[in-house]
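Engineer: Please find final.csv (CSV, C-alpha atoms and all ligand atoms) on the next line:
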chain,number,residue,atom,x,y,z
A,96,MET,CA,139.6,83.5,102.4
A,97,SER,CA,137.5,86.5,103.5
A,98,ASP,CA,133.9,86.4,104.6
A,99,LYS,CA,132.2,89.3,102.8
A,100,LEU,CA,128.6,88.5,102.0
A,101,ILE,CA,126.2,88.9,99.1
A,102,ALA,CA,122.5,89.2,99.7
A,103,PRO,CA,120.3,89.2,96.6
A,104,SER,CA,117.2,91.3,97.0
A,105,ILE,CA,114.1,89.4,96.2
A,106,LEU,CA,112.3,92.6,95.3
A,107,ALA,CA,113.9,92.4,91.9
A,108,ALA,CA,112.9,88.7,91.4
A,109,ASP,CA,110.3,87.6,88.9
A,110,PHE,CA,107.2,87.1,91.3
A,111,ALA,CA,105.5,84.9,88.7
A,112,ASN,CA,108.5,82.6,89.0
A,113,LEU,CA,109.3,83.1,92.7
A,114,GLN,CA,110.1,79.5,93.6
A,115,ARG,CA,112.5,79.3,90.6
A,116,ASP,CA,114.3,82.5,91.7
A,117,VAL,CA,114.5,81.3,95.4
A,118,GLU,CA,116.0,78.0,94.2
A,119,MET,CA,118.5,80.0,92.1
A,120,VAL,CA,119.7,81.8,95.2
A,121,ASN,CA,119.8,78.5,97.1
A,122,THR,CA,122.2,77.0,94.6
A,123,SER,CA,124.2,80.1,94.0
A,124,GLN,CA,127.2,81.5,95.9
A,125,ALA,CA,124.9,84.0,97.6
A,126,ASP,CA,124.9,84.1,101.4
A,127,TRP,CA,121.6,85.6,102.4
A,128,PHE,CA,118.1,86.3,101.1
A,129,HIS,CA,117.3,90.1,101.4
A,130,ILE,CA,113.6,90.7,101.8
A,131,ASP,CA,112.2,94.2,101.4
A,132,ILE,CA,108.9,94.9,103.2
A,133,MET,CA,107.3,98.2,102.3
A,134,ASP,CA,104.1,99.7,103.7
A,135,GLY,CA,103.3,102.6,101.4
A,136,VAL,CA,103.6,105.0,104.4
A,137,PHE,CA,107.2,105.0,105.5
A,138,VAL,CA,108.2,104.7,101.8
A,139,PRO,CA,106.0,105.6,98.8
A,140,ASN,CA,105.7,102.0,97.6
A,141,ILE,CA,104.1,98.7,98.7
A,142,SER,CA,106.2,95.6,98.1
A,143,PHE,CA,104.7,92.4,99.6
A,144,GLY,CA,103.8,91.1,103.0
A,145,MET,CA,103.5,88.0,105.2
A,146,PRO,CA,102.0,85.5,102.8
A,147,VAL,CA,104.8,86.0,100.3
A,148,LEU,CA,107.5,85.9,102.9
A,149,LYS,CA,105.9,82.7,104.2
A,150,ALA,CA,106.2,81.2,100.7
A,151,ILE,CA,109.8,82.3,100.3
A,152,SER,CA,110.7,80.9,103.8
A,153,LYS,CA,109.3,77.6,102.8
A,154,HIS,CA,111.9,77.2,100.0
A,155,ALA,CA,114.8,79.3,101.2
A,156,LYS,CA,117.8,77.4,102.5
A,157,LYS,CA,119.9,80.4,103.5
A,158,PHE,CA,119.8,83.1,106.1
A,159,ILE,CA,116.8,85.4,105.8
A,160,ASP,CA,117.6,89.1,106.1
A,161,VAL,CA,114.3,91.1,106.4
A,162,HIS,CA,114.5,94.9,105.8
A,163,LEU,CA,111.3,96.6,107.2
A,164,MET,CA,110.5,99.9,105.5
A,165,ILE,CA,107.4,100.3,107.7
A,166,VAL,CA,106.2,102.7,110.4
A,167,ASP,CA,105.9,101.4,114.0
A,168,PRO,CA,107.7,98.0,113.2
A,169,ASP,CA,107.3,96.8,116.8
A,170,ARG,CA,103.8,95.7,115.9
A,171,TYR,CA,105.1,92.9,113.7
A,172,ILE,CA,108.3,91.6,115.4
A,173,LYS,CA,106.8,88.4,116.6
A,174,GLU,CA,105.2,87.7,113.2
A,175,PHE,CA,108.5,88.1,111.4
A,176,ALA,CA,110.2,85.8,113.9
A,177,ASP,CA,107.5,83.2,113.4
A,178,LEU,CA,107.9,83.5,109.6
A,179,GLY,CA,111.6,82.4,109.8
A,180,SER,CA,113.4,85.8,109.7
A,181,ASN,CA,117.0,85.5,111.0
A,182,MET,CA,117.9,89.2,110.9
A,183,LEU,CA,115.2,91.8,111.3
A,184,THR,CA,116.2,95.4,110.3
A,185,VAL,CA,114.1,98.4,111.3
A,186,HIS,CA,114.6,102.0,110.2
A,187,TYR,CA,116.1,104.4,112.7
A,188,GLU,CA,113.7,107.0,111.3
A,189,ALA,CA,110.6,104.8,112.0
A,190,CYS,CA,111.4,104.0,115.7
A,191,SER,CA,110.7,106.3,118.6
A,192,HIS,CA,112.2,103.8,121.1
A,193,LEU,CA,114.9,102.2,119.0
A,194,HIS,CA,116.7,100.6,122.0
A,195,ARG,CA,113.4,98.9,123.1
A,196,SER,CA,112.8,97.7,119.5
A,197,LEU,CA,116.3,96.1,119.3
A,198,GLN,CA,115.8,94.3,122.6
A,199,SER,CA,112.4,93.0,121.4
A,200,ILE,CA,113.9,91.7,118.1
A,201,LYS,CA,116.6,89.8,120.1
A,202,ASN,CA,114.2,88.5,122.6
A,203,HIS,CA,112.3,86.9,119.7
A,204,GLY,CA,115.5,85.0,118.7
A,205,MET,CA,116.6,87.2,115.8
A,206,GLN,CA,119.6,89.3,115.1
A,207,ALA,CA,118.8,93.0,115.2
A,208,GLY,CA,119.6,95.5,112.4
A,209,VAL,CA,119.1,99.2,112.0
A,210,ALA,CA,118.8,100.9,108.6
A,211,LEU,CA,119.7,104.5,108.0
A,212,ASN,CA,118.3,106.7,105.2
A,213,PRO,CA,120.8,108.6,103.1
A,214,HIS,CA,120.2,111.8,105.1
A,215,THR,CA,120.7,110.2,108.5
A,216,ASN,CA,124.0,110.7,110.2
A,217,VAL,CA,125.7,107.6,111.5
A,218,GLU,CA,126.7,109.3,114.7
A,219,LEU,CA,123.1,109.0,115.9
A,220,LEU,CA,123.7,105.3,116.5
A,221,ARG,CA,126.6,105.7,118.9
A,222,ASP,CA,124.6,105.2,122.1
A,223,CYS,CA,123.1,101.9,121.0
A,224,ILE,CA,125.8,100.5,118.6
A,225,ASN,CA,126.8,97.8,121.0
A,226,ASP,CA,123.2,96.5,120.8
A,227,ILE,CA,123.1,96.4,117.0
A,228,ASP,CA,124.2,93.3,115.0
A,229,MET,CA,124.1,95.1,111.7
A,230,VAL,CA,123.7,98.6,110.4
A,231,CYS,CA,122.2,98.8,106.9
A,232,LEU,CA,123.3,102.0,105.2
A,233,MET,CA,120.9,103.0,102.5
A,234,SER,CA,122.8,104.0,99.4
A,235,VAL,CA,119.6,105.0,97.6
A,236,ASN,CA,116.4,106.5,99.0
A,237,PRO,CA,114.4,103.4,100.2
A,238,GLY,CA,111.3,102.4,98.3
A,239,PHE,CA,112.4,101.2,94.9
A,240,GLY,CA,114.9,98.9,93.3
A,241,GLY,CA,117.0,100.0,90.3
A,242,GLN,CA,118.0,103.4,91.5
A,243,HIS,CA,121.4,105.1,91.2
A,244,PHE,CA,124.0,104.6,94.0
A,245,ILE,CA,124.6,107.7,96.1
A,246,GLU,CA,128.4,108.4,96.2
A,247,ARG,CA,128.3,109.9,99.7
A,248,THR,CA,127.9,106.3,101.0
A,249,TYR,CA,131.6,105.6,100.8
A,250,LYS,CA,132.3,108.4,103.4
A,251,LYS,CA,129.4,107.1,105.6
A,252,ILE,CA,130.8,103.6,105.7
A,253,LYS,CA,134.2,104.9,106.8
A,254,GLN,CA,132.6,107.0,109.6
A,255,LEU,CA,130.4,104.1,110.7
A,256,LYS,CA,133.4,101.7,110.7
A,257,ALA,CA,135.4,104.2,112.9
A,258,LEU,CA,132.4,104.5,115.3
A,259,ILE,CA,132.1,100.7,115.6
A,260,LEU,CA,135.8,100.3,116.4
A,261,GLU,CA,135.8,103.2,118.8
A,262,GLU,CA,132.9,101.7,120.7
A,263,GLY,CA,134.3,98.1,120.6
A,264,ALA,CA,131.2,96.9,118.9
A,265,ASP,CA,130.8,93.8,116.8
A,266,THR,CA,128.4,95.2,114.2
A,267,LYS,CA,128.3,94.3,110.5
A,268,ILE,CA,127.8,97.0,107.9
A,269,GLU,CA,125.4,96.3,105.0
A,270,ILE,CA,125.0,98.4,101.9
A,271,ASP,CA,121.6,98.5,100.2
A,272,GLY,CA,120.8,100.1,96.9
A,273,GLY,CA,122.5,100.5,93.5
A,274,VAL,CA,125.2,97.9,94.2
A,275,THR,CA,127.0,96.7,91.0
A,276,ASP,CA,130.4,95.4,89.9
A,277,LYS,CA,131.4,99.1,89.5
A,278,ASN,CA,131.2,99.9,93.3
A,279,ALA,CA,131.3,96.6,95.1
A,280,GLU,CA,135.1,96.4,95.7
A,281,GLU,CA,135.3,100.0,96.9
A,282,LEU,CA,132.4,99.5,99.3
A,283,ILE,CA,134.3,96.5,100.8
A,284,ALA,CA,137.5,98.5,100.9
A,285,CYS,CA,135.7,101.2,102.9
A,286,GLY,CA,134.5,98.7,105.5
A,287,ALA,CA,131.3,97.1,104.3
A,288,ASP,CA,130.6,93.4,105.2
A,289,VAL,CA,127.4,92.7,103.3
A,290,LEU,CA,126.3,93.9,99.9
A,291,VAL,CA,122.6,93.8,98.9
A,292,ALA,CA,122.1,93.5,95.1
A,293,GLY,CA,118.7,93.5,93.5
A,294,SER,CA,118.5,94.6,89.9
A,295,TYR,CA,122.1,94.0,89.2
A,296,VAL,CA,121.6,90.3,89.9
A,297,PHE,CA,118.1,89.5,88.8
A,298,LYS,CA,118.1,91.7,85.6
A,299,SER,CA,121.3,90.1,84.4
A,300,ASP,CA,121.4,87.4,81.7
A,301,ASP,CA,122.8,84.8,84.1
A,302,PRO,CA,121.9,85.8,87.8
A,303,GLU,CA,123.8,82.8,89.2
A,304,GLU,CA,127.0,83.8,87.4
A,305,THR,CA,126.5,87.4,88.3
A,306,ILE,CA,126.4,86.4,92.0
A,307,LEU,CA,129.5,84.3,91.6
A,308,ASN,CA,131.5,87.1,90.0
A,309,LEU,CA,130.3,89.6,92.6
A,310,LYS,CA,131.2,87.3,95.5
A,311,ASN,CA,134.6,86.5,94.0
A,312,SER,CA,135.3,90.2,93.4
A,313,ILE,CA,134.8,91.1,97.1
A,314,ASN,CA,136.6,88.1,98.5
A,315,LYS,CA,140.0,88.3,96.9
A,401,LIG,C1,115.3,99.6,98.3
A,401,LIG,C2,115.5,98.3,98.8
A,401,LIG,C3,116.6,97.5,98.2
A,401,LIG,C4,116.4,97.2,96.8
A,401,LIG,C5,117.8,97.3,96.2
A,401,LIG,O1,114.4,100.3,99.0
A,401,LIG,O2,115.8,98.4,100.2
A,401,LIG,O3,116.9,96.3,98.9
A,401,LIG,O4,115.8,96.0,96.5
A,401,LIG,O5,117.6,97.2,94.8
A,401,LIG,P1,118.8,97.5,93.8
A,401,LIG,O6,119.9,96.6,94.1
A,401,LIG,O7,118.1,97.3,92.5
A,401,LIG,O8,119.1,99.0,94.0
A,402,ZN,ZN,116.5,96.5,101.3
Output the file's structure as structure tokens, nothing else.

Structural biologist:
Amino acid sequence: MSDKLIAPSILAADFANLQRDVEMVNTSQADWFHIDIMDGVFVPNISFGMPVLKAISKHAKKFIDVHLMIVDPDRYIKEFADLGSNMLTVHYEACSHLHRSLQSIKNHGMQAGVALNPHTNVELLRDCINDIDMVCLMSVNPGFGGQHFIERTYKKIKQLKALILEEGADTKIEIDGGVTDKNAEELIACGADVLVAGSYVFKSDDPEETILNLKNSINK
């Protein structure tokens, strides 16, 4: 039994039936809730904010993985902790003092994640990899669900995995964007630990079964 994780992205849920979709994740074989917060500045889209996360947290019975696509995320670390976030991921490209941000996230009782845009080299994380609980490799340009997976991601996972091992770190690798049954197994084979899946899960005929099949396919 392996321990590779599935994190459905609520961005692709039906917001008019949010409680239903949260309960679906609760009863499914999914491991985490992936929550995408966008500010319309760091990325060209606005998703949802604190009141919606509060509503999700009220019903969610699993680990809450919050992905901040916002500038200057330090401003909101305490608020996300108070809203029940378990993992708080900030973008490398949005932090002038990444090490300080990571310490602050941990001081607020959360695990600390760092996301990298597709153009950002994994080597840039070497000097703080031992302080990072999870690296989220973006396999699409952040801002929207339903985009095509960028093939270069396979190579980046291998580079990141090597870096983690070289530095003796205990850092998970998460892949976010364009994940489907077509690439899931190869992503895991390259070294990924957590797969985020939005459209592939929520736009399918039977989301719960899609999660089950995806989970089984990466835990053989
Ligand atoms: C994109 C978000 C993703 C998104 C993934 O900026 O970070 O989490 O919801 O959606 P899919 O799986 O549809 O690519
Ligand atoms: Zn995300």

Engineer: So that I can check the surroundings of stretch 238-244 of chain A, please list as a PyMOL selection string every protein, DNA and RNA residue that reaches within 7 Å of it, counting all atoms listed in the file and ignoring chain neighbours fewer than 4 positions away.

Structural biologist: chain A and resi 107+138-140+234+272-274+293-294

Engineer: What does the structure give for the distance between atom CA of A:Val235 and atom C3 of ligand LIG 401 (chain A), in Å to one decimal?

Structural biologist: 8.1 Å

Engineer: Which of these, A:Cys223, A:Ile259, A:Val289, A:Ile252, has the shortest distance to A:Asp98 once you count only C-alpha atoms?

Structural biologist: A:Val289

Engineer: My list of candidates is A:Val230, A:Leu100, A:Ile283, A:Ile130. Which is closest to ligand ZN 402 (chain A) when distances are computed with all atoms listed in the file?

Structural biologist: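 The shortest atom-to-atom distance to ligand ZN 402 (chain A) comes from A:Ile130.
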
Engineer: Name each residue within 9 Å of ligand ZN 402 (chain A), counting all atoms listed in the file, as a list in words.

Structural biologist: Ser104, Leu106, His129, Ile130, Asp131, Ile132, Asp160, Val161, His162, Leu163, Met164, Ala210, Cys231, Met233, Pro237, Gly238, Phe239, Gly240, Ile270, Asp271, Gly272, Val291, Ala292 and Gly293 of chain A

Engineer: What's the 6 Å shell around A:Leu211, counting only C-alpha atoms, without same-chain residues fewer than 2 positions away, as a ChimeraX atom specification?

Structural biologist: /A:187,215,232-233
